[in-house]
file coords28.tsv (TSV, C-alpha atoms)
chain	number	residue	atom	x	y	z
S	1	MET	CA	7.73	-11.74	23.12
S	2	THR	CA	4.74	-13.99	23.71
S	3	GLY	CA	6.08	-17.05	21.89
S	4	GLU	CA	2.79	-17.30	20.00
S	5	THR	CA	2.40	-17.99	16.31
S	6	CYS	CA	-0.10	-16.04	14.21
S	7	ASP	CA	-1.91	-16.21	10.89
S	8	VAL	CA	-1.50	-12.52	10.10
S	9	MET	CA	1.04	-9.99	11.23
S	10	VAL	CA	0.00	-6.35	10.84
S	11	ALA	CA	3.30	-4.47	10.96
S	12	GLY	CA	2.62	-0.95	12.18
S	13	THR	CA	0.30	0.83	14.58
S	14	GLY	CA	-1.01	3.80	12.61
S	15	LEU	CA	-4.43	4.51	11.11
S	16	PHE	CA	-4.06	2.08	8.20
S	17	ALA	CA	-2.97	-0.71	10.53
S	18	GLU	CA	-5.92	0.06	12.79
S	19	LYS	CA	-8.38	-0.30	9.91
S	20	ILE	CA	-6.88	-3.64	8.91
S	21	VAL	CA	-7.06	-5.07	12.44
S	22	PHE	CA	-10.57	-3.82	13.10
S	23	SER	CA	-11.91	-5.00	9.72
S	24	LEU	CA	-10.55	-8.50	10.24
S	25	ALA	CA	-11.99	-8.56	13.76
S	26	MET	CA	-15.47	-7.66	12.50
S	27	THR	CA	-15.66	-9.71	9.30
S	28	ALA	CA	-13.59	-12.93	9.47
S	29	ALA	CA	-15.81	-15.99	9.38
S	30	GLN	CA	-13.11	-18.55	10.26
S	31	PRO	CA	-10.55	-18.51	13.11
S	32	ILE	CA	-7.70	-16.03	12.62
S	33	THR	CA	-4.96	-14.92	14.98
S	34	VAL	CA	-3.58	-11.45	14.32
S	35	ALA	CA	-0.30	-10.14	15.72
S	36	VAL	CA	0.08	-6.36	15.85
S	37	GLY	CA	3.78	-5.61	15.55
S	38	GLY	CA	5.36	-2.28	16.42
S	39	ARG	CA	7.34	-0.18	18.88
S	40	ASN	CA	4.58	1.79	20.60
S	41	ARG	CA	3.49	-0.64	23.33
S	42	GLU	CA	0.57	1.48	24.53
S	43	ARG	CA	-0.83	1.79	21.02
S	44	MET	CA	-0.28	-1.94	20.32
S	45	ASP	CA	-2.09	-2.91	23.50
S	46	TRP	CA	-4.98	-0.62	22.64
S	47	LEU	CA	-5.28	-2.05	19.10
S	48	SER	CA	-5.25	-5.56	20.56
S	49	LEU	CA	-7.91	-4.78	23.14
S	50	SER	CA	-10.08	-2.91	20.64
S	51	GLY	CA	-9.72	-5.63	18.03
S	52	ASN	CA	-10.65	-8.36	20.50
S	53	ALA	CA	-13.60	-6.31	21.73
S	54	ARG	CA	-14.89	-5.93	18.18
S	55	ALA	CA	-14.51	-9.65	17.57
S	56	ALA	CA	-16.56	-10.28	20.71
S	57	LEU	CA	-19.24	-7.80	19.69
S	58	PHE	CA	-19.61	-9.32	16.23
S	59	GLY	CA	-19.14	-12.92	17.34
S	60	ARG	CA	-16.07	-13.44	15.15
S	61	PRO	CA	-13.39	-16.10	15.82
S	62	VAL	CA	-10.54	-13.59	15.76
S	63	ARG	CA	-7.87	-13.08	18.40
S	64	VAL	CA	-5.47	-10.14	18.38
S	65	PHE	CA	-2.27	-9.82	20.39
S	66	ALA	CA	0.74	-7.50	20.43
S	67	VAL	CA	4.36	-8.35	19.61
S	68	PRO	CA	7.32	-5.95	19.91
S	69	LEU	CA	8.95	-5.30	16.54
S	70	THR	CA	12.38	-3.69	16.20
S	71	TRP	CA	12.90	-2.08	12.80
S	72	ASN	CA	16.64	-1.33	12.99
S	73	THR	CA	17.82	-4.25	10.83
S	74	PRO	CA	16.35	-7.19	8.91
S	75	SER	CA	17.90	-9.57	11.45
S	76	ALA	CA	16.13	-7.79	14.32
S	77	ILE	CA	12.78	-8.14	12.52
S	78	ALA	CA	13.59	-11.77	11.71
S	79	GLU	CA	13.83	-12.62	15.42
S	80	THR	CA	10.14	-11.78	15.80
S	81	LEU	CA	9.11	-13.45	12.56
S	82	ALA	CA	10.87	-16.67	13.50
S	83	VAL	CA	8.60	-16.93	16.55
S	84	CYS	CA	5.32	-15.67	15.07
S	85	ARG	CA	5.69	-17.38	11.66
S	86	PRO	CA	2.81	-15.53	9.96
S	87	THR	CA	1.19	-16.70	6.75
S	88	VAL	CA	0.41	-13.12	5.71
S	89	VAL	CA	2.31	-9.95	6.63
S	90	ALA	CA	0.53	-6.62	6.04
S	91	GLN	CA	3.20	-3.91	6.08
S	92	ALA	CA	1.68	-0.61	7.22
S	93	ALA	CA	4.76	0.90	8.89
S	94	THR	CA	6.89	3.56	7.21
S	95	VAL	CA	9.52	6.06	8.28
S	96	GLN	CA	7.58	8.85	6.54
S	97	SER	CA	3.86	9.03	7.16
S	98	PRO	CA	1.91	10.64	4.31
S	99	ARG	CA	-0.33	12.29	6.89
S	100	ASP	CA	2.66	14.27	8.15
S	101	LEU	CA	2.94	15.88	4.72
S	102	ASP	CA	-0.70	16.93	4.30
S	103	SER	CA	-0.21	20.43	5.73
S	104	PRO	CA	3.37	21.66	5.16
S	105	SER	CA	4.46	23.62	8.21
S	106	ASN	CA	8.24	23.11	8.42
S	107	PRO	CA	11.14	23.28	5.94
S	108	TRP	CA	11.16	19.52	5.29
S	109	GLN	CA	7.44	19.35	4.57
S	110	ARG	CA	7.63	22.41	2.33
S	111	LEU	CA	10.57	20.93	0.43
S	112	ILE	CA	8.69	17.71	-0.30
S	113	SER	CA	5.60	19.68	-1.31
S	114	ARG	CA	7.65	21.68	-3.83
S	115	ALA	CA	9.33	18.49	-5.06
S	116	GLY	CA	5.99	17.00	-6.07
S	117	GLY	CA	4.59	15.72	-2.79
S	118	PHE	CA	4.45	12.29	-1.21
S	119	GLY	CA	5.84	10.53	-4.29
S	120	ALA	CA	9.19	12.24	-3.77
S	121	THR	CA	9.63	10.15	-0.58
S	122	GLN	CA	9.46	6.83	-2.44
S	123	VAL	CA	12.75	5.64	-0.95
S	124	LEU	CA	11.44	6.22	2.58
S	125	GLN	CA	8.28	4.24	1.81
S	126	ALA	CA	10.41	1.33	0.58
S	127	LEU	CA	12.90	1.17	3.46
S	128	LEU	CA	10.98	-0.77	6.13
S	129	LEU	CA	9.19	-2.90	3.54
S	130	SER	CA	12.55	-3.99	2.12
S	131	ARG	CA	13.80	-4.82	5.60
S	132	MET	CA	10.66	-6.89	6.19
S	133	ALA	CA	11.15	-8.78	2.91
S	134	ARG	CA	14.76	-9.56	3.84
S	135	ALA	CA	13.72	-10.52	7.36
S	136	LEU	CA	11.24	-13.09	6.06
S	137	THR	CA	14.04	-14.72	4.09
S	138	LEU	CA	16.39	-14.68	7.10
S	139	ALA	CA	13.71	-16.20	9.33
S	140	GLY	CA	12.85	-18.88	6.78
S	141	VAL	CA	9.21	-17.79	6.81
S	142	GLU	CA	7.23	-18.13	3.58
S	143	ALA	CA	4.56	-15.46	3.90
S	144	SER	CA	2.53	-13.35	1.50
S	145	LEU	CA	3.92	-9.84	1.96
S	146	LEU	CA	1.44	-6.99	1.42
S	147	ASN	CA	2.38	-3.33	1.26
S	148	ALA	CA	0.26	-0.37	2.35
S	149	CYS	CA	3.04	2.20	1.77
S	150	TYR	CA	2.85	3.65	-1.75
S	151	PRO	CA	2.54	0.20	-3.39
S	152	ASP	CA	1.87	1.47	-6.93
S	153	ALA	CA	5.53	2.51	-7.17
S	154	VAL	CA	7.35	0.82	-4.28
S	155	ASN	CA	6.37	-2.76	-5.16
S	156	ALA	CA	8.07	-2.43	-8.55
S	157	MET	CA	11.19	-1.09	-6.81
S	158	LEU	CA	11.34	-4.13	-4.54
S	159	ALA	CA	10.73	-6.47	-7.47
S	160	ALA	CA	13.77	-4.90	-9.16
S	161	ARG	CA	15.73	-5.77	-5.99
S	162	GLY	CA	14.52	-9.37	-6.13
S	163	GLU	CA	12.36	-8.93	-3.02
S	164	ALA	CA	8.89	-10.39	-3.42
S	165	VAL	CA	5.80	-8.38	-2.48
S	166	ILE	CA	2.65	-10.12	-3.60
S	167	CYS	CA	0.62	-6.90	-3.87
S	168	GLY	CA	-0.31	-3.65	-2.21
S	169	LEU	CA	-3.24	-2.44	-0.15
S	170	GLY	CA	-5.47	0.55	-0.82
S	171	ASN	CA	-5.51	2.94	-3.79
S	172	VAL	CA	-7.19	1.04	-6.64
S	173	ALA	CA	-9.14	-1.19	-4.22
S	174	ALA	CA	-10.64	1.87	-2.55
S	175	ALA	CA	-11.31	3.62	-5.87
S	176	ALA	CA	-12.96	0.54	-7.36
S	177	ALA	CA	-15.17	0.05	-4.30
S	178	MET	CA	-16.36	3.66	-4.47
S	179	ILE	CA	-16.99	3.43	-8.21
S	180	ALA	CA	-18.91	0.16	-7.83
S	181	ALA	CA	-21.02	1.66	-5.06
S	182	ALA	CA	-21.72	4.78	-7.14
S	183	LEU	CA	-22.83	2.58	-10.05
S	184	GLY	CA	-24.98	0.41	-7.80
S	185	ARG	CA	-23.05	-2.74	-8.75
S	186	THR	CA	-21.51	-4.33	-5.69
S	187	GLU	CA	-21.38	-7.97	-6.84
S	188	PRO	CA	-17.76	-9.22	-6.90
S	189	GLY	CA	-16.31	-8.86	-10.38
S	190	ALA	CA	-19.18	-6.85	-11.84
S	191	VAL	CA	-17.03	-3.72	-11.95
S	192	LYS	CA	-13.36	-3.81	-12.92
S	193	VAL	CA	-11.08	-0.80	-12.66
S	194	LEU	CA	-7.61	-0.08	-13.99
S	195	ALA	CA	-6.12	2.85	-12.10
S	196	HIS	CA	-2.82	4.27	-10.93
S	197	HIS	CA	-2.52	5.87	-7.48
S	198	GLN	CA	-2.99	9.29	-9.09
S	199	SER	CA	-6.46	8.37	-10.39
S	200	PRO	CA	-8.32	8.09	-7.05
S	201	SER	CA	-7.25	11.63	-6.10
S	202	ILE	CA	-9.39	12.91	-8.97
S	203	TRP	CA	-12.53	12.23	-6.92
S	204	ARG	CA	-11.42	14.70	-4.25
S	205	ARG	CA	-12.06	17.54	-6.69
S	206	PRO	CA	-15.43	19.05	-7.63
S	207	PRO	CA	-16.73	17.70	-10.97
S	208	ALA	CA	-15.89	20.92	-12.84
S	209	GLU	CA	-12.23	20.63	-11.80
S	210	ARG	CA	-11.63	17.02	-12.79
S	211	ARG	CA	-8.95	16.86	-15.44
S	212	GLY	CA	-6.52	14.39	-16.91
S	213	VAL	CA	-6.97	10.72	-17.72
S	214	ALA	CA	-9.84	8.98	-15.98
S	215	PRO	CA	-9.44	5.47	-14.62
S	216	ARG	CA	-10.61	2.79	-17.02
S	217	VAL	CA	-13.83	1.15	-15.84
S	218	TRP	CA	-15.62	-1.97	-17.09
S	219	VAL	CA	-19.12	-3.06	-16.06
S	220	ASP	CA	-20.14	-6.61	-16.92
S	221	GLY	CA	-17.20	-6.78	-19.30
S	222	ARG	CA	-18.04	-3.60	-21.23
S	223	GLU	CA	-15.82	-0.56	-20.86
S	224	LEU	CA	-17.55	2.67	-19.87
S	225	ASP	CA	-17.06	5.82	-21.87
S	226	ARG	CA	-17.37	9.34	-20.38
S	227	VAL	CA	-16.24	8.08	-16.93
S	228	PHE	CA	-16.07	11.57	-15.40
S	229	GLU	CA	-19.59	12.35	-16.61
S	230	ARG	CA	-21.08	9.04	-15.46
S	231	LEU	CA	-19.50	9.42	-12.03
S	232	GLU	CA	-20.13	13.12	-11.63
S	233	ALA	CA	-21.84	12.63	-8.25
S	234	LEU	CA	-18.91	10.70	-6.78
S	235	ARG	CA	-16.91	12.76	-4.28
S	236	SER	CA	-14.29	11.36	-1.95
S	237	PRO	CA	-12.58	13.48	0.72
S	238	LEU	CA	-9.09	12.19	1.49
S	239	ASP	CA	-9.84	10.76	4.94
S	240	VAL	CA	-12.85	8.85	3.63
S	241	ARG	CA	-10.75	7.25	0.88
S	242	GLN	CA	-8.05	6.23	3.37
S	243	SER	CA	-10.65	4.61	5.61
S	244	ILE	CA	-12.03	2.55	2.72
S	245	ALA	CA	-8.49	1.58	1.70
S	246	GLY	CA	-7.76	0.12	5.13
S	247	VAL	CA	-11.03	-1.80	5.23
S	248	SER	CA	-10.38	-3.23	1.75
S	249	ALA	CA	-7.46	-5.25	3.11
S	250	ALA	CA	-9.60	-7.70	5.11
S	251	PRO	CA	-11.17	-9.78	2.30
S	252	LEU	CA	-7.84	-9.94	0.46
S	253	ILE	CA	-6.00	-11.17	3.57
S	254	VAL	CA	-8.67	-13.78	4.32
S	255	ALA	CA	-8.32	-15.10	0.75
S	256	LEU	CA	-4.53	-15.24	0.99
S	257	LEU	CA	-4.96	-17.37	4.12
S	258	GLY	CA	-6.88	-19.81	1.91
S	259	GLN	CA	-10.15	-19.27	3.79
S	260	ASP	CA	-12.10	-17.73	0.92
S	261	GLU	CA	-11.83	-16.41	-2.62
S	262	TYR	CA	-11.23	-12.77	-3.50
S	263	VAL	CA	-12.47	-11.07	-6.64
S	264	GLY	CA	-11.42	-7.44	-6.48
S	265	HIS	CA	-8.47	-5.15	-6.98
S	266	ALA	CA	-4.91	-4.68	-5.77
S	267	ALA	CA	-2.18	-2.08	-6.17
S	268	GLY	CA	1.24	-3.15	-7.39
S	269	PRO	CA	0.37	-6.85	-7.77
S	270	LEU	CA	3.32	-9.12	-8.59
S	271	GLY	CA	5.65	-6.12	-8.77
S	272	LEU	CA	3.71	-4.28	-11.48
S	273	PRO	CA	3.22	-0.49	-11.46
S	274	GLY	CA	-0.26	0.86	-10.66
S	275	GLY	CA	-3.48	-0.96	-9.80
S	276	TYR	CA	-5.36	-3.84	-11.45
S	277	PRO	CA	-8.31	-6.21	-11.09
S	278	VAL	CA	-7.14	-9.41	-9.40
S	279	THR	CA	-8.42	-12.67	-8.01
S	280	VAL	CA	-7.13	-14.84	-5.16
S	281	ARG	CA	-8.06	-18.51	-5.29
S	282	GLY	CA	-6.41	-21.23	-3.26
S	283	GLY	CA	-4.27	-18.54	-1.66
S	284	GLU	CA	-2.74	-17.58	-5.05
S	285	LEU	CA	-3.09	-14.12	-6.59
S	286	THR	CA	-3.49	-13.62	-10.34
S	287	LEU	CA	-4.48	-10.72	-12.57
S	288	ASP	CA	-8.15	-10.70	-13.59
S	289	LEU	CA	-8.17	-8.32	-16.54
S	290	PRO	CA	-11.33	-7.69	-18.59
S	291	ALA	CA	-11.66	-9.69	-21.79
S	292	GLY	CA	-9.81	-7.95	-24.59
S	293	LEU	CA	-7.35	-6.18	-22.30
S	294	GLY	CA	-3.89	-7.73	-22.42
S	295	ARG	CA	-1.34	-7.57	-19.63
S	296	ALA	CA	1.08	-5.47	-21.71
S	297	GLU	CA	-1.61	-2.88	-22.48
S	298	ALA	CA	-2.69	-2.70	-18.83
S	299	VAL	CA	0.88	-2.24	-17.62
S	300	ALA	CA	1.57	0.39	-20.28
S	301	TYR	CA	-1.50	2.35	-19.15
S	302	ASN	CA	-0.28	2.47	-15.56
S	303	ARG	CA	3.33	3.13	-16.55
S	304	ARG	CA	2.20	6.31	-18.33
S	305	PHE	CA	1.04	7.67	-14.98
S	306	ALA	CA	4.25	6.61	-13.28
S	307	GLU	CA	6.21	8.77	-15.69
S	308	HIS	CA	4.63	11.82	-14.05
S	309	ASP	CA	5.60	10.84	-10.51
S	310	PRO	CA	8.31	12.91	-8.77
S	311	ALA	CA	10.48	9.76	-8.68
S	312	ARG	CA	10.37	6.90	-11.14
S	313	LEU	CA	12.02	3.56	-11.76
S	314	LEU	CA	13.99	3.03	-14.97
S	315	ALA	CA	14.46	-0.34	-16.66
S	316	ASP	CA	18.04	-0.60	-15.37
S	317	GLY	CA	16.94	-0.28	-11.73
S	318	GLN	CA	17.88	3.38	-11.37
S	319	ILE	CA	15.51	5.71	-9.51
S	320	VAL	CA	15.54	9.19	-11.03
S	321	TYR	CA	13.78	12.36	-9.95
S	322	ALA	CA	11.69	14.36	-12.39
S	323	ASP	CA	13.07	17.70	-13.52
S	324	GLU	CA	11.24	19.86	-10.98
S	325	ALA	CA	11.81	17.42	-8.12
S	326	HIS	CA	15.51	17.24	-9.01
S	327	ARG	CA	15.81	21.03	-9.12
S	328	VAL	CA	14.12	21.49	-5.76
S	329	LEU	CA	16.00	18.70	-4.00
S	330	ALA	CA	19.37	19.73	-5.45
S	331	LYS	CA	19.16	23.08	-3.68
S	332	GLU	CA	19.26	21.24	-0.35
S	333	SER	CA	21.13	18.05	-1.20
S	334	PRO	CA	22.79	17.28	-4.55
S	335	GLU	CA	23.46	13.77	-3.23
S	336	VAL	CA	19.75	13.06	-2.73
S	337	ALA	CA	18.76	14.75	-5.99
S	338	LYS	CA	20.98	12.56	-8.17
S	339	GLY	CA	18.78	9.53	-7.41
S	340	PHE	CA	20.01	6.03	-6.71
S	341	HIS	CA	20.08	2.44	-7.89
S	342	VAL	CA	17.64	0.08	-6.18
S	343	SER	CA	20.59	-1.94	-4.89
S	344	ASP	CA	21.63	1.13	-2.86
S	345	LEU	CA	18.23	1.64	-1.21
S	346	ASP	CA	19.51	1.66	2.36
S	347	ALA	CA	22.20	4.26	1.68
S	348	ALA	CA	19.79	6.44	-0.31
S	349	ALA	CA	17.24	6.30	2.52
S	350	ALA	CA	19.93	7.28	5.03
S	351	ASP	CA	20.81	10.32	2.89
S	352	MET	CA	17.19	11.44	2.70
S	353	LEU	CA	16.63	10.87	6.43
S	354	ALA	CA	19.73	12.96	7.16
S	355	LEU	CA	18.29	15.74	4.98
S	356	ARG	CA	14.97	15.51	6.84
S	357	GLN	CA	16.72	15.75	10.19
S	358	ARG	CA	18.76	18.75	9.05
S	359	LEU	CA	15.59	20.54	7.94
S	360	GLY	CA	13.76	19.72	11.15
S	361	GLY	CA	11.18	17.37	9.67
call {"tool": "encode", "arguments": {"input": "coords28.tsv", "output": "structure tokens"}}
result
Amino acid sequence: MTGETCDVMVAGTGLFAEKIVFSLAMTAAQPITVAVGGRNRERMDWLSLSGNARAALFGRPVRVFAVPLTWNTPSAIAETLAVCRPTVVAQAATVQSPRDLDSPSNPWQRLISRAGGFGATQVLQALLLSRMARALTLAGVEASLLNACYPDAVNAMLAARGEAVICGLGNVAAAAAMIAAALGRTEPGAVKVLAHHQSPSIWRRPPAERRGVAPRVWVDGRELDRVFERLEALRSPLDVRQSIAGVSAAPLIVALLGQDEYVGHAAGPLGLPGGYPVTVRGGELTLDLPAGLGRAEAVAYNRRFAEHDPARLLADGQIVYADEAHRVLAKESPEVAKGFHVSDLDAAAADMLALRQRLGG
């Protein structure tokens, strides 16, 4: 432990965390200290060195340093937070990386693929984020908590637990940036997009194979019709979208530090399902919906998508698996397949991790 305080803690050392650190190092106009928190010391040191080198190359007043972070319990995390006292925490660590599920090659990966994919691991995406939220309370640190791990669904789960996550990173922010670029309108606020996490994946497919409900898109306050047709040339391979998602975190974080304003998009803001246009002014995040679109209508649009996820949150706080996901999971673990209440998140995660270990994942 260095004993240093920081403005931003990036919790995690994977690809998404890397993009956040590097983007801040290359773009921040005012002084920012960034702590990279994790368990892999070699990786943390490399991210710190690379971030500081980028800041030097671009002449940015950013300093990056590494802090060991132990994930076992909220109290263990709180020990680090009590020293660093960040203003913003960007949670990019998870016990189940989505990249590990891209190419199913073992029984665990194949099970999740049959159960509907990444969305079936919602409880594993929520586990470390929930511990971080509890750790902030234990440490007495008032920080804006951001989530890069399936925020469209997970943020609502934590809200149901009474654990505050201001918003998520990626998904709609990446989709909106690509759409704005494709339309040639990159001024902040010119293009507004309402989209669930399922919507951006549409752009991975060739135009002839794009099906389902398109994201809703407004340009200069007017909603576009024939979105698929107008954006026919837009094509986004998965890795490209992930890279844009990580980069999109930088301007949002800078605004939450109170150094600038942000007019853009965020996934799962204020515990809502899906992604929305938002603004951050004076360090405070609010929805920035197009004129004529009410909050209830926007939430209902995104909730429709959530109903097709492998796991979904009911009004009473129960997480239930969709029919096919339940059938597939029940063959291996009836206990996991029955779902869980959000208050039992830790126990439910332990059950799913035990299943993963048994299947060799």
call {"tool": "residues_around", "arguments": {"input": "coords28.tsv", "residues": "Ile253 of chain S", "least_positions_apart": "2", "cutoff": "9 Å", "atoms": "all atoms listed in the file", "output": "ChimeraX atom specification"}}
result
/S:8,24,88-90,146,249-251,255-258,262
call {"tool": "atom_distance", "arguments": {"input": "coords28.tsv", "atom1": "atom CA of Asn171 of chain S", "atom2": "atom CA of Val34 of chain S"}}
result
23.2 Å
call {"tool": "closest_residue", "arguments": {"input": "coords28.tsv", "among": "S:Asp45, S:Glu223, S:Glu232, S:Glu163", "to": "Arg134 of chain S", "atoms": "only C-alpha atoms"}}
result
S:Glu163
call {"tool": "closest_residue", "arguments": {"input": "coords28.tsv", "among": "S:Asp260, S:Asp309, S:Glu229, S:Glu284", "to": "Asp323 of chain S", "atoms": "all atoms listed in the file"}}
result
S:Asp309
call {"tool": "residues_around", "arguments": {"input": "coords28.tsv", "residues": "Gly274 of chain S", "least_positions_apart": "2", "cutoff": "10 Å", "atoms": "all atoms listed in the file", "output": "VMD selection string"}}
result
chain S and resid 150 to 156 168 171 to 172 194 to 199 266 to 269 271 to 272 276 298 to 306
call {"tool": "closest_residue", "arguments": {"input": "coords28.tsv", "among": "S:Thr286, S:Ser75, S:Thr27, S:Gln91", "to": "Val247 of chain S", "atoms": "all atoms listed in the file"}}
result
S:Thr27
call {"tool": "atom_distance", "arguments": {"input": "coords28.tsv", "atom1": "atom CA of Ala82 of chain S", "atom2": "atom CA of Ala11 of chain S"}}
result
14.6 Å
call {"tool": "atom_distance", "arguments": {"input": "coords28.tsv", "atom1": "atom CA of Phe65 of chain S", "atom2": "atom CA of Arg41 of chain S"}}
result
11.2 Å
call {"tool": "axis_aligned_box", "arguments": {"input": "coords28.tsv", "around": "segment 36-55 of chain S", "padding_each_side": "8 Å", "output": "JSON"}}
result
{"center_x": -3.8, "center_y": -3.9, "center_z": 20.0, "size_x": 38.2, "size_y": 27.4, "size_z": 25.0}
call {"tool": "closest_residue", "arguments": {"input": "coords28.tsv", "among": "S:Ile179, S:Ile20, S:Ala25, S:Arg63", "to": "Cys6 of chain S", "atoms": "all atoms listed in the file"}}
result
S:Arg63
call {"tool": "closest_residue", "arguments": {"input": "coords28.tsv", "among": "S:Leu158, S:Leu183, S:Ala115, S:Val342", "to": "Trp218 of chain S", "atoms": "only C-alpha atoms"}}
result
S:Leu183
call {"tool": "closest_residue", "arguments": {"input": "coords28.tsv", "among": "S:Val21, S:Leu285, S:Val227, S:Leu81", "to": "Gly212 of chain S", "atoms": "only C-alpha atoms"}}
result
S:Val227
call {"tool": "residues_near_point", "arguments": {"input": "coords28.tsv", "point": "(8.0, 13.1, -5.9)", "cutoff": "6 Å", "atoms": "all atoms listed in the file", "output": "mmCIF file with C-alpha atoms, keeping the file's coordinate frame"}}
result
data_model
loop_
_atom_site.group_PDB
_atom_site.id
_atom_site.type_symbol
_atom_site.label_atom_id
_atom_site.label_comp_id
_atom_site.auth_asym_id
_atom_site.auth_seq_id
_atom_site.Cartn_x
_atom_site.Cartn_y
_atom_site.Cartn_z
ATOM 1 C CA ALA S 115 9.330 18.490 -5.060
ATOM 2 C CA GLY S 116 5.990 17.000 -6.070
ATOM 3 C CA GLY S 117 4.590 15.720 -2.790
ATOM 4 C CA PHE S 118 4.450 12.290 -1.210
ATOM 5 C CA GLY S 119 5.840 10.530 -4.290
ATOM 6 C CA ALA S 120 9.190 12.240 -3.770
ATOM 7 C CA ASP S 309 5.600 10.840 -10.510
ATOM 8 C CA PRO S 310 8.310 12.910 -8.770
ATOM 9 C CA ALA S 311 10.480 9.760 -8.680
#
